[in-house]
$ cat input-v4.pdb   # PDB, C-alpha atoms, pLDDT in the B column
ATOM      1  CA  MET A  98       5.764  30.212   4.147  1.00 56.00           C
ATOM      2  CA  SER A  99       8.378  28.971   1.651  1.00 58.00           C
ATOM      3  CA  ASP A 100       7.719  26.043  -0.710  1.00 56.00           C
ATOM      4  CA  ASN A 101      10.126  23.838   1.267  1.00 58.00           C
ATOM      5  CA  GLU A 102       8.386  24.663   4.545  1.00 57.00           C
ATOM      6  CA  LEU A 103       5.003  23.963   2.946  1.00 54.00           C
ATOM      7  CA  TYR A 104       6.143  20.573   1.616  1.00 53.00           C
ATOM      8  CA  ASP A 105       7.583  19.630   5.018  1.00 60.00           C
ATOM      9  CA  GLU A 106       4.311  20.541   6.737  1.00 58.00           C
ATOM     10  CA  MET A 107       2.239  18.605   4.185  1.00 55.00           C
ATOM     11  CA  GLY A 108       4.405  15.526   4.723  1.00 58.00           C
ATOM     12  CA  ASP A 109       4.169  15.673   8.492  1.00 60.00           C
ATOM     13  CA  ASP A 110       0.398  16.095   8.228  1.00 60.00           C
ATOM     14  CA  HIS A 111       0.117  12.948   6.073  1.00 53.00           C
ATOM     15  CA  PHE A 112      -1.199  14.899   3.096  1.00 53.00           C
ATOM     16  CA  LEU A 113      -3.010  12.890   0.394  1.00 54.00           C
ATOM     17  CA  SER A 114      -2.483  14.374  -3.059  1.00 56.00           C
ATOM     18  CA  ALA A 115      -4.490  12.059  -5.324  1.00 62.00           C
ATOM     19  CA  GLY A 116      -6.424   8.810  -5.521  1.00 79.00           C
ATOM     20  CA  ASP A 117      -3.997   7.443  -8.114  1.00 90.00           C
ATOM     21  CA  THR A 118      -0.273   7.056  -7.584  1.00 94.00           C
ATOM     22  CA  PRO A 119       1.360  10.188  -9.089  1.00 93.00           C
ATOM     23  CA  LEU A 120       3.430   9.032 -12.094  1.00 95.00           C
ATOM     24  CA  ARG A 121       5.105  10.880 -14.934  1.00 94.00           C
ATOM     25  CA  LYS A 122       3.971  10.116 -18.495  1.00 95.00           C
ATOM     26  CA  ASP A 123       7.403   8.658 -19.294  1.00 96.00           C
ATOM     27  CA  ALA A 124       7.473   6.472 -16.158  1.00 95.00           C
ATOM     28  CA  PHE A 125       7.898   3.233 -18.114  1.00 96.00           C
ATOM     29  CA  GLU A 126      10.147   4.301 -20.975  1.00 96.00           C
ATOM     30  CA  MET A 127      13.311   3.139 -19.187  1.00 96.00           C
ATOM     31  CA  SER A 128      13.998  -0.560 -18.736  1.00 97.00           C
ATOM     32  CA  ASP A 129      14.402  -1.998 -15.249  1.00 97.00           C
ATOM     33  CA  ASP A 130      18.134  -2.463 -15.881  1.00 98.00           C
ATOM     34  CA  ASP A 131      18.518   1.173 -16.931  1.00 98.00           C
ATOM     35  CA  LYS A 132      16.622   2.327 -13.855  1.00 98.00           C
ATOM     36  CA  ILE A 133      18.853   0.227 -11.607  1.00 98.00           C
ATOM     37  CA  GLU A 134      21.957   1.707 -13.211  1.00 98.00           C
ATOM     38  CA  ALA A 135      20.678   5.283 -12.814  1.00 98.00           C
ATOM     39  CA  ILE A 136      19.558   4.801  -9.208  1.00 98.00           C
ATOM     40  CA  GLU A 137      22.861   3.150  -8.335  1.00 98.00           C
ATOM     41  CA  SER A 138      24.734   6.227  -9.581  1.00 98.00           C
ATOM     42  CA  ASP A 139      22.399   8.641  -7.780  1.00 98.00           C
ATOM     43  CA  PHE A 140      22.451   6.743  -4.498  1.00 98.00           C
ATOM     44  CA  LYS A 141      26.229   6.583  -4.610  1.00 98.00           C
ATOM     45  CA  LYS A 142      26.212  10.401  -4.763  1.00 98.00           C
ATOM     46  CA  ILE A 143      23.929  10.535  -1.715  1.00 98.00           C
ATOM     47  CA  MET A 144      26.230   8.273   0.278  1.00 98.00           C
ATOM     48  CA  LEU A 145      29.301  10.276  -0.730  1.00 98.00           C
ATOM     49  CA  THR A 146      27.537  13.529   0.192  1.00 98.00           C
ATOM     50  CA  LEU A 147      26.858  12.058   3.642  1.00 98.00           C
ATOM     51  CA  GLY A 148      30.588  11.489   3.974  1.00 98.00           C
ATOM     52  CA  LEU A 149      30.586   7.689   3.758  1.00 98.00           C
ATOM     53  CA  ASP A 150      33.635   5.820   2.492  1.00 98.00           C
ATOM     54  CA  LEU A 151      32.498   3.636  -0.408  1.00 97.00           C
ATOM     55  CA  ASN A 152      35.873   1.917  -0.510  1.00 96.00           C
ATOM     56  CA  ASP A 153      34.905   0.083   2.679  1.00 97.00           C
ATOM     57  CA  ASP A 154      33.988  -3.551   2.007  1.00 96.00           C
ATOM     58  CA  SER A 155      30.675  -3.155   3.854  1.00 96.00           C
ATOM     59  CA  LEU A 156      29.550  -0.101   1.859  1.00 97.00           C
ATOM     60  CA  LYS A 157      30.910  -0.427  -1.654  1.00 95.00           C
ATOM     61  CA  GLY A 158      28.086  -2.688  -2.823  1.00 97.00           C
ATOM     62  CA  THR A 159      25.310  -0.698  -1.148  1.00 98.00           C
ATOM     63  CA  PRO A 160      24.373   1.599  -4.092  1.00 98.00           C
ATOM     64  CA  LYS A 161      23.785  -1.428  -6.331  1.00 98.00           C
ATOM     65  CA  ARG A 162      21.882  -3.298  -3.625  1.00 98.00           C
ATOM     66  CA  VAL A 163      19.625  -0.317  -2.926  1.00 98.00           C
ATOM     67  CA  ALA A 164      18.957   0.243  -6.641  1.00 98.00           C
ATOM     68  CA  LYS A 165      17.952  -3.396  -7.206  1.00 98.00           C
ATOM     69  CA  MET A 166      15.799  -3.347  -4.064  1.00 98.00           C
ATOM     70  CA  PHE A 167      13.960  -0.209  -5.210  1.00 98.00           C
ATOM     71  CA  VAL A 168      13.191  -1.492  -8.713  1.00 98.00           C
ATOM     72  CA  LYS A 169      12.737  -5.231  -8.147  1.00 97.00           C
ATOM     73  CA  GLU A 170      11.276  -5.333  -4.641  1.00 97.00           C
ATOM     74  CA  ILE A 171       9.879  -2.490  -2.572  1.00 97.00           C
ATOM     75  CA  PHE A 172       8.685  -0.381  -5.547  1.00 98.00           C
ATOM     76  CA  LYS A 173       7.825  -3.142  -8.012  1.00 98.00           C
ATOM     77  CA  GLY A 174       4.131  -2.244  -7.650  1.00 98.00           C
ATOM     78  CA  ILE A 175       4.716   0.889  -9.743  1.00 97.00           C
ATOM     79  CA  LYS A 176       5.030  -1.266 -12.867  1.00 96.00           C
ATOM     80  CA  PRO A 177       1.673  -2.354 -14.379  1.00 95.00           C
ATOM     81  CA  ASP A 178       3.242  -5.589 -15.669  1.00 95.00           C
ATOM     82  CA  ASN A 179       3.562  -6.731 -12.039  1.00 96.00           C
ATOM     83  CA  MET A 180      -0.189  -6.451 -11.401  1.00 96.00           C
ATOM     84  CA  PRO A 181      -1.405  -9.898 -10.289  1.00 95.00           C
ATOM     85  CA  LYS A 182      -3.927 -11.636 -12.504  1.00 92.00           C
ATOM     86  CA  MET A 183      -7.363 -11.184 -10.934  1.00 89.00           C
ATOM     87  CA  SER A 184      -9.014 -14.312 -12.332  1.00 86.00           C
ATOM     88  CA  THR A 185     -12.449 -14.946 -10.845  1.00 91.00           C
ATOM     89  CA  PHE A 186     -14.605 -18.066 -10.773  1.00 90.00           C
ATOM     90  CA  ASP A 187     -18.291 -18.873 -10.772  1.00 90.00           C
ATOM     91  CA  ASN A 188     -19.773 -18.978  -7.298  1.00 84.00           C
ATOM     92  CA  LYS A 189     -20.840 -22.626  -7.748  1.00 81.00           C
ATOM     93  CA  TYR A 190     -21.410 -23.082  -4.027  1.00 82.00           C
ATOM     94  CA  LYS A 191     -24.034 -20.309  -4.144  1.00 82.00           C
ATOM     95  CA  TYR A 192     -22.386 -18.837  -1.049  1.00 85.00           C
ATOM     96  CA  ASN A 193     -24.150 -15.498  -0.600  1.00 85.00           C
ATOM     97  CA  GLN A 194     -22.721 -14.366   2.719  1.00 90.00           C
ATOM     98  CA  MET A 195     -19.761 -12.160   3.476  1.00 95.00           C
ATOM     99  CA  LEU A 196     -16.256 -13.509   2.833  1.00 95.00           C
ATOM    100  CA  VAL A 197     -13.487 -11.958   4.932  1.00 97.00           C
ATOM    101  CA  GLU A 198      -9.721 -12.307   4.593  1.00 96.00           C
ATOM    102  CA  LYS A 199      -8.102 -10.768   7.669  1.00 95.00           C
ATOM    103  CA  ASP A 200      -4.595 -10.023   8.917  1.00 95.00           C
ATOM    104  CA  ILE A 201      -3.004  -9.683   5.474  1.00 96.00           C
ATOM    105  CA  THR A 202       0.514  -8.370   6.001  1.00 96.00           C
ATOM    106  CA  VAL A 203       1.208  -4.885   4.644  1.00 97.00           C
ATOM    107  CA  TYR A 204       4.735  -3.729   3.883  1.00 97.00           C
ATOM    108  CA  SER A 205       4.760  -0.378   2.136  1.00 97.00           C
ATOM    109  CA  THR A 206       6.762   2.851   1.958  1.00 96.00           C
ATOM    110  CA  CYS A 207       5.619   6.326   2.963  1.00 95.00           C
ATOM    111  CA  GLU A 208       5.936   8.599  -0.067  1.00 95.00           C
ATOM    112  CA  HIS A 209       6.713  11.654   2.092  1.00 93.00           C
ATOM    113  CA  HIS A 210       9.874  10.383   3.772  1.00 93.00           C
ATOM    114  CA  PHE A 211      10.500   6.992   2.101  1.00 95.00           C
ATOM    115  CA  LEU A 212      10.260   5.180   5.421  1.00 94.00           C
ATOM    116  CA  PRO A 213       8.398   1.885   5.993  1.00 95.00           C
ATOM    117  CA  ILE A 214       4.690   1.410   6.647  1.00 95.00           C
ATOM    118  CA  VAL A 215       4.014  -1.925   8.358  1.00 95.00           C
ATOM    119  CA  GLY A 216       0.634  -3.314   9.348  1.00 95.00           C
ATOM    120  CA  LYS A 217      -2.336  -5.518   8.538  1.00 96.00           C
ATOM    121  CA  ALA A 218      -5.111  -5.298   5.951  1.00 97.00           C
ATOM    122  CA  HIS A 219      -8.564  -6.837   6.338  1.00 97.00           C
ATOM    123  CA  ILE A 220     -10.754  -7.334   3.255  1.00 98.00           C
ATOM    124  CA  GLY A 221     -14.366  -8.394   2.902  1.00 97.00           C
ATOM    125  CA  TYR A 222     -16.708  -8.821  -0.039  1.00 97.00           C
ATOM    126  CA  ILE A 223     -20.102 -10.248  -0.904  1.00 96.00           C
ATOM    127  CA  SER A 224     -20.236 -12.246  -4.132  1.00 93.00           C
ATOM    128  CA  ASN A 225     -22.287 -11.005  -7.056  1.00 92.00           C
ATOM    129  CA  GLY A 226     -21.952 -14.371  -8.821  1.00 91.00           C
ATOM    130  CA  ARG A 227     -18.142 -14.368  -9.015  1.00 91.00           C
ATOM    131  CA  VAL A 228     -15.517 -15.271  -6.412  1.00 92.00           C
ATOM    132  CA  LEU A 229     -11.801 -14.557  -6.152  1.00 93.00           C
ATOM    133  CA  GLY A 230      -9.080 -16.980  -5.066  1.00 90.00           C
ATOM    134  CA  LEU A 231      -8.071 -16.256  -1.479  1.00 90.00           C
ATOM    135  CA  SER A 232      -4.390 -15.725  -2.256  1.00 93.00           C
ATOM    136  CA  LYS A 233      -5.317 -13.105  -4.855  1.00 95.00           C
ATOM    137  CA  MET A 234      -6.407 -10.752  -2.093  1.00 96.00           C
ATOM    138  CA  ASN A 235      -2.988 -11.047  -0.476  1.00 97.00           C
ATOM    139  CA  ARG A 236      -1.334 -10.453  -3.839  1.00 97.00           C
ATOM    140  CA  ILE A 237      -3.400  -7.371  -4.651  1.00 97.00           C
ATOM    141  CA  VAL A 238      -2.536  -5.863  -1.254  1.00 98.00           C
ATOM    142  CA  ASP A 239       1.150  -6.573  -1.854  1.00 98.00           C
ATOM    143  CA  TYR A 240       1.057  -5.105  -5.372  1.00 98.00           C
ATOM    144  CA  PHE A 241      -0.389  -1.746  -4.353  1.00 98.00           C
ATOM    145  CA  ALA A 242       1.735  -1.662  -1.182  1.00 98.00           C
ATOM    146  CA  LYS A 243       4.928  -2.020  -3.234  1.00 98.00           C
ATOM    147  CA  ARG A 244       5.090   1.616  -4.289  1.00 97.00           C
ATOM    148  CA  PRO A 245       5.516   4.970  -2.554  1.00 97.00           C
ATOM    149  CA  GLN A 246       2.193   5.305  -0.751  1.00 97.00           C
ATOM    150  CA  VAL A 247      -0.091   7.018   1.663  1.00 96.00           C
ATOM    151  CA  GLN A 248      -2.333   4.659   3.581  1.00 96.00           C
ATOM    152  CA  GLU A 249      -5.591   6.266   2.476  1.00 96.00           C
ATOM    153  CA  ARG A 250      -4.723   5.784  -1.196  1.00 97.00           C
ATOM    154  CA  LEU A 251      -3.562   2.218  -0.619  1.00 98.00           C
ATOM    155  CA  THR A 252      -6.889   1.342   1.009  1.00 98.00           C
ATOM    156  CA  MET A 253      -8.869   2.851  -1.869  1.00 98.00           C
ATOM    157  CA  GLN A 254      -6.749   1.222  -4.570  1.00 98.00           C
ATOM    158  CA  ILE A 255      -7.234  -2.235  -3.070  1.00 98.00           C
ATOM    159  CA  VAL A 256     -11.018  -1.832  -2.952  1.00 98.00           C
ATOM    160  CA  LYS A 257     -11.231  -0.387  -6.477  1.00 97.00           C
ATOM    161  CA  ALA A 258      -9.197  -3.245  -7.964  1.00 97.00           C
ATOM    162  CA  MET A 259     -11.354  -5.862  -6.272  1.00 97.00           C
ATOM    163  CA  GLN A 260     -14.591  -4.138  -7.259  1.00 97.00           C
ATOM    164  CA  GLU A 261     -13.495  -4.155 -10.896  1.00 96.00           C
ATOM    165  CA  ALA A 262     -12.435  -7.808 -10.763  1.00 95.00           C
ATOM    166  CA  LEU A 263     -15.559  -9.057  -8.997  1.00 95.00           C
ATOM    167  CA  GLY A 264     -18.080  -6.828 -10.768  1.00 95.00           C
ATOM    168  CA  THR A 265     -19.601  -5.596  -7.530  1.00 96.00           C
ATOM    169  CA  GLN A 266     -19.392  -2.530  -5.312  1.00 98.00           C
ATOM    170  CA  ASP A 267     -19.763  -4.690  -2.194  1.00 98.00           C
ATOM    171  CA  VAL A 268     -16.095  -4.681  -1.149  1.00 98.00           C
ATOM    172  CA  ALA A 269     -14.522  -3.304   2.032  1.00 98.00           C
ATOM    173  CA  CYS A 270     -10.980  -2.878   3.300  1.00 98.00           C
ATOM    174  CA  VAL A 271      -9.567  -1.738   6.637  1.00 97.00           C
ATOM    175  CA  ILE A 272      -5.836  -1.209   7.177  1.00 97.00           C
ATOM    176  CA  ASP A 273      -4.182  -0.758  10.581  1.00 95.00           C
ATOM    177  CA  ALA A 274      -0.513   0.180  10.215  1.00 95.00           C
ATOM    178  CA  LYS A 275       2.452   1.824  11.863  1.00 93.00           C
ATOM    179  CA  HIS A 276       4.330   4.555   9.983  1.00 92.00           C
ATOM    180  CA  LEU A 277       8.014   4.861  10.752  1.00 90.00           C
ATOM    181  CA  CYS A 278       7.870   8.499   9.662  1.00 85.00           C
ATOM    182  CA  VAL A 279       5.813   8.955  12.847  1.00 83.00           C
ATOM    183  CA  ASN A 280       7.426   6.253  14.984  1.00 83.00           C
ATOM    184  CA  SER A 281      11.124   6.941  14.296  1.00 84.00           C
ATOM    185  CA  ARG A 282      11.286  10.660  13.409  1.00 80.00           C
ATOM    186  CA  GLY A 283       9.291  13.840  14.009  1.00 77.00           C
ATOM    187  CA  ILE A 284       7.042  13.192  16.999  1.00 80.00           C
ATOM    188  CA  ARG A 285       8.666   9.746  17.533  1.00 81.00           C
ATOM    189  CA  ASP A 286       5.504   8.142  18.875  1.00 82.00           C
ATOM    190  CA  ILE A 287       6.269   4.415  18.829  1.00 83.00           C
ATOM    191  CA  ASP A 288       2.854   3.293  20.081  1.00 80.00           C
ATOM    192  CA  SER A 289       0.412   4.959  17.692  1.00 85.00           C
ATOM    193  CA  SER A 290      -0.960   3.341  14.546  1.00 89.00           C
ATOM    194  CA  THR A 291      -3.144   4.584  11.713  1.00 92.00           C
ATOM    195  CA  VAL A 292      -6.460   2.987  10.718  1.00 94.00           C
ATOM    196  CA  THR A 293      -8.074   3.645   7.344  1.00 96.00           C
ATOM    197  CA  ALA A 294     -11.238   2.166   5.842  1.00 97.00           C
ATOM    198  CA  GLU A 295     -12.826   2.095   2.411  1.00 98.00           C
ATOM    199  CA  LEU A 296     -16.367   0.728   2.524  1.00 98.00           C
ATOM    200  CA  GLY A 297     -18.095   0.107  -0.784  1.00 98.00           C
ATOM    201  CA  GLY A 298     -21.669  -0.755  -1.673  1.00 98.00           C
ATOM    202  CA  VAL A 299     -23.652  -2.462   1.065  1.00 98.00           C
ATOM    203  CA  PHE A 300     -20.746  -2.114   3.511  1.00 98.00           C
ATOM    204  CA  SER A 301     -21.329   1.630   3.358  1.00 97.00           C
ATOM    205  CA  THR A 302     -25.123   1.739   3.172  1.00 97.00           C
ATOM    206  CA  ASP A 303     -26.185  -1.077   5.505  1.00 97.00           C
ATOM    207  CA  PRO A 304     -25.210  -0.652   9.204  1.00 96.00           C
ATOM    208  CA  THR A 305     -25.800  -4.351   9.922  1.00 96.00           C
ATOM    209  CA  THR A 306     -23.376  -5.462   7.197  1.00 97.00           C
ATOM    210  CA  ARG A 307     -20.817  -2.909   8.356  1.00 96.00           C
ATOM    211  CA  ARG A 308     -21.077  -4.097  11.970  1.00 95.00           C
ATOM    212  CA  GLU A 309     -20.711  -7.723  10.888  1.00 96.00           C
ATOM    213  CA  PHE A 310     -17.550  -6.929   8.935  1.00 97.00           C
ATOM    214  CA  LEU A 311     -15.993  -4.934  11.774  1.00 95.00           C
ATOM    215  CA  HIS A 312     -16.917  -7.732  14.190  1.00 94.00           C
ATOM    216  CA  TYR A 313     -15.201 -10.349  12.025  1.00 95.00           C
ATOM    217  CA  ILE A 314     -11.966  -8.367  11.791  1.00 95.00           C
ATOM    218  CA  GLY A 315     -12.014  -7.444  15.491  1.00 91.00           C
ATOM    219  CA  VAL A 316     -12.168  -3.661  15.102  1.00 70.00           C
ATOM    220  CA  ARG A 317     -14.268  -1.972  17.769  1.00 58.00           C
ATOM    221  CA  THR A 318     -15.721   1.404  16.860  1.00 48.00           C
ATOM    222  CA  LYS A 319     -18.808   3.400  17.699  1.00 44.00           C
ATOM    223  CA  PHE A 320     -20.479   1.495  14.830  1.00 40.00           C
ATOM    224  CA  ASN A 321     -20.233  -1.991  16.362  1.00 44.00           C
ATOM    225  CA  VAL A 322     -19.841  -1.696  20.142  1.00 41.00           C
TER     226      VAL A 322
END
$ encode --input "input-v4.pdb" --output "structure tokens"
Amino acid sequence: MSDNELYDEMGDDHFLSAGDTPLRKDAFEMSDDDKIEAIESDFKKIMLTLGLDLNDDSLKGTPKRVAKMFVKEIFKGIKPDNMPKMSTFDNKYKYNQMLVEKDITVYSTCEHHFLPIVGKAHIGYISNGRVLGLSKMNRIVDYFAKRPQVQERLTMQIVKAMQEALGTQDVACVIDAKHLCVNSRGIRDIDSSTVTAELGGVFSTDPTTRREFLHYIGVRTKFNV
């Protein structure tokens, strides 16, 4: 099997290469403006190679628009400076039960074909004396989603970031998402979705806690039916 055939097969099989987003050591040496300029030039070459007429009013601004979108929007989560502040607060209410934030919108991009991943994330944690503002969970999902991703890594990165911020292992995340690399190309299955889970601490070790979490988010599995 050739290298190209191997890479194609790995992509179609949703291959996970690493727990951290693969980045070069010089990933942040260029400024955002320089990256936009370089991507604009490269994307213009792609469009010309496809045979598109960039003199057309509808197309001539596309390379610049795509470059700005890549750097400032859909891949802004690559840049550490865009990491949301994970300020926590004392659990003054002494609330010691599970807190669940469900149906957090996920917009990400498959790193194998650069096509969208769209779905919902559900997060739960049990306070170890600190609590996190509700909107911060949405922001941390958005930050890690805004980079080339595989869903397994995204799920793990969300949990790891929250564990570090809260000082507890008792964090769980489930993501249910559609991948357009499956829905719109290849097998072209428009109905299937992918579910991933990362269960930390008591969510992993205690079946009752796990069932409670899955009940709250409405996921039915062999663990909670």
$ resolve_selection --input "input-v4.pdb" --expression "the PyMOL selection byres ((chain A and resi 181) around 8)" --output "VMD selection string"
chain A and resid 179 to 180 182 to 183 233 236 to 237 240
$ residues_near_point --input "input-v4.pdb" --point "(5.7, 2.0, 9.4)" --cutoff "12 Å" --atoms "all atoms listed in the file" --output "PyMOL selection string"
chain A and resi 203-208+210-217+242+246-248+273-282+285-291
$ residues_around --input "input-v4.pdb" --residues "region 128-132 of chain A" --least-positions-apart "6" --cutoff "10 Å" --atoms "all atoms listed in the file" --output "number ranges by chain"
A: 138, 164-165, 167-169, 173, 176
$ resolve_selection --input "input-v4.pdb" --expression "the PyMOL selection byres ((chain A and resi 220) around 10)" --output "PyMOL selection string"
chain A and resi 196-201+218-219+221-222+234-235+238+252+255-256+259+268-272+294-296+310+314
$ closest_residue --input "input-v4.pdb" --among "A:Phe140, A:Thr118, A:Leu263, A:Gly148" --to "Glu249 (chain A)" --atoms "only C-alpha atoms"
A:Thr118
$ atom_distance --input "input-v4.pdb" --atom1 "CA of Pro160 (chain A)" --atom2 "CA of Thr202 (chain A)"
27.8 Å
$ atom_distance --input "input-v4.pdb" --atom1 "CA of Leu229 (chain A)" --atom2 "CA of Gly264 (chain A)"
11.0 Å
$ closest_residue --input "input-v4.pdb" --among "A:Gly174, A:Gly158, A:Gly297, A:Gly283" --to "Pro245 (chain A)" --atoms "all atoms listed in the file"
A:Gly174
$ closest_residue --input "input-v4.pdb" --among "A:Glu170, A:Asp150, A:Asp267, A:Asp117" --to "Asn225 (chain A)" --atoms "all atoms listed in the file"
A:Asp267
$ atom_distance --input "input-v4.pdb" --atom1 "CA of Thr293 (chain A)" --atom2 "CA of Arg250 (chain A)"
9.4 Å
$ axis_aligned_box --input "input-v4.pdb" --around "region 241-260 of chain A" --padding-each-side "6 Å" --output "lines of an AutoDock Vina configuration file"
center_x = -4.5
center_y = 0.6
center_z = -2.2
size_x = 32.1
size_y = 24.9
size_z = 23.5
$ residues_around --input "input-v4.pdb" --residues "Tyr190 (chain A)" --least-positions-apart "2" --cutoff "12 Å" --atoms "all atoms listed in the file" --output "list in words"
Phe186, Asp187, Asn188, Tyr192, Asn193, Gln194, Ser224, Gly226, Arg227 and Val228 of chain A
$ write_last_selection --input "input-v4.pdb" --atoms "C-alpha atoms" --output "tab-separated table (two decimals), in the coordinates of the input"
chain	number	residue	atom	x	y	z
A	186	PHE	CA	-14.60	-18.07	-10.77
A	187	ASP	CA	-18.29	-18.87	-10.77
A	188	ASN	CA	-19.77	-18.98	-7.30
A	192	TYR	CA	-22.39	-18.84	-1.05
A	193	ASN	CA	-24.15	-15.50	-0.60
A	194	GLN	CA	-22.72	-14.37	2.72
A	224	SER	CA	-20.24	-12.25	-4.13
A	226	GLY	CA	-21.95	-14.37	-8.82
A	227	ARG	CA	-18.14	-14.37	-9.02
A	228	VAL	CA	-15.52	-15.27	-6.41
$ closest_residue --input "input-v4.pdb" --among "A:Ser301, A:Ala124, A:Lys189, A:Lys161" --to "Asp139 (chain A)" --atoms "all atoms listed in the file"
A:Lys161
$ build_atoms --input "input-v4.pdb" --residues "region 118-135 of chain A" --atoms "N, CA and C atoms" --output "JSON list (two decimals), in the frame of the given file"
[["chain", "number", "residue", "atom", "x", "y", "z"],
["A", 118, "THR", "N", -1.68, 6.80, -7.85],
["A", 118, "THR", "CA", -0.27, 7.06, -7.58],
["A", 118, "THR", "C", 0.27, 8.07, -8.59],
["A", 119, "PRO", "N", 0.86, 9.17, -8.15],
["A", 119, "PRO", "CA", 1.36, 10.19, -9.09],
["A", 119, "PRO", "C", 2.55, 9.65, -9.89],
["A", 120, "LEU", "N", 2.37, 9.53, -11.21],
["A", 120, "LEU", "CA", 3.43, 9.03, -12.09],
["A", 120, "LEU", "C", 3.60, 9.98, -13.28],
["A", 121, "ARG", "N", 4.83, 10.11, -13.72],
["A", 121, "ARG", "CA", 5.11, 10.88, -14.93],
["A", 121, "ARG", "C", 4.66, 10.08, -16.16],
["A", 122, "LYS", "N", 4.41, 10.79, -17.27],
["A", 122, "LYS", "CA", 3.97, 10.12, -18.50],
["A", 122, "LYS", "C", 5.05, 9.19, -19.06],
["A", 123, "ASP", "N", 6.31, 9.48, -18.77],
["A", 123, "ASP", "CA", 7.40, 8.66, -19.29],
["A", 123, "ASP", "C", 7.89, 7.65, -18.26],
["A", 124, "ALA", "N", 7.04, 7.31, -17.29],
["A", 124, "ALA", "CA", 7.47, 6.47, -16.16],
["A", 124, "ALA", "C", 7.99, 5.11, -16.59],
["A", 125, "PHE", "N", 7.54, 4.60, -17.73],
["A", 125, "PHE", "CA", 7.90, 3.23, -18.11],
["A", 125, "PHE", "C", 8.73, 3.17, -19.40],
["A", 126, "GLU", "N", 9.32, 4.30, -19.77],
["A", 126, "GLU", "CA", 10.15, 4.30, -20.98],
["A", 126, "GLU", "C", 11.51, 3.65, -20.73],
["A", 127, "MET", "N", 12.03, 3.78, -19.52],
["A", 127, "MET", "CA", 13.31, 3.14, -19.19],
["A", 127, "MET", "C", 13.10, 1.68, -18.80],
["A", 128, "SER", "N", 14.04, 0.83, -19.17],
["A", 128, "SER", "CA", 14.00, -0.56, -18.74],
["A", 128, "SER", "C", 14.36, -0.66, -17.27],
["A", 129, "ASP", "N", 14.04, -1.79, -16.65],
["A", 129, "ASP", "CA", 14.40, -2.00, -15.25],
["A", 129, "ASP", "C", 15.91, -1.91, -15.06],
["A", 130, "ASP", "N", 16.66, -2.48, -15.99],
["A", 130, "ASP", "CA", 18.13, -2.46, -15.88],
["A", 130, "ASP", "C", 18.66, -1.03, -15.95],
["A", 131, "ASP", "N", 18.08, -0.22, -16.83],
["A", 131, "ASP", "CA", 18.52, 1.17, -16.93],
["A", 131, "ASP", "C", 18.17, 1.95, -15.66],
["A", 132, "LYS", "N", 17.00, 1.66, -15.10],
["A", 132, "LYS", "CA", 16.62, 2.33, -13.86],
["A", 132, "LYS", "C", 17.57, 1.95, -12.73],
["A", 133, "ILE", "N", 17.92, 0.68, -12.64],
["A", 133, "ILE", "CA", 18.85, 0.23, -11.61],
["A", 133, "ILE", "C", 20.19, 0.93, -11.75],
["A", 134, "GLU", "N", 20.67, 1.04, -12.98],
["A", 134, "GLU", "CA", 21.96, 1.71, -13.21],
["A", 134, "GLU", "C", 21.91, 3.18, -12.80],
["A", 135, "ALA", "N", 20.80, 3.86, -13.15],
["A", 135, "ALA", "CA", 20.68, 5.28, -12.81],
["A", 135, "ALA", "C", 20.55, 5.49, -11.30]]
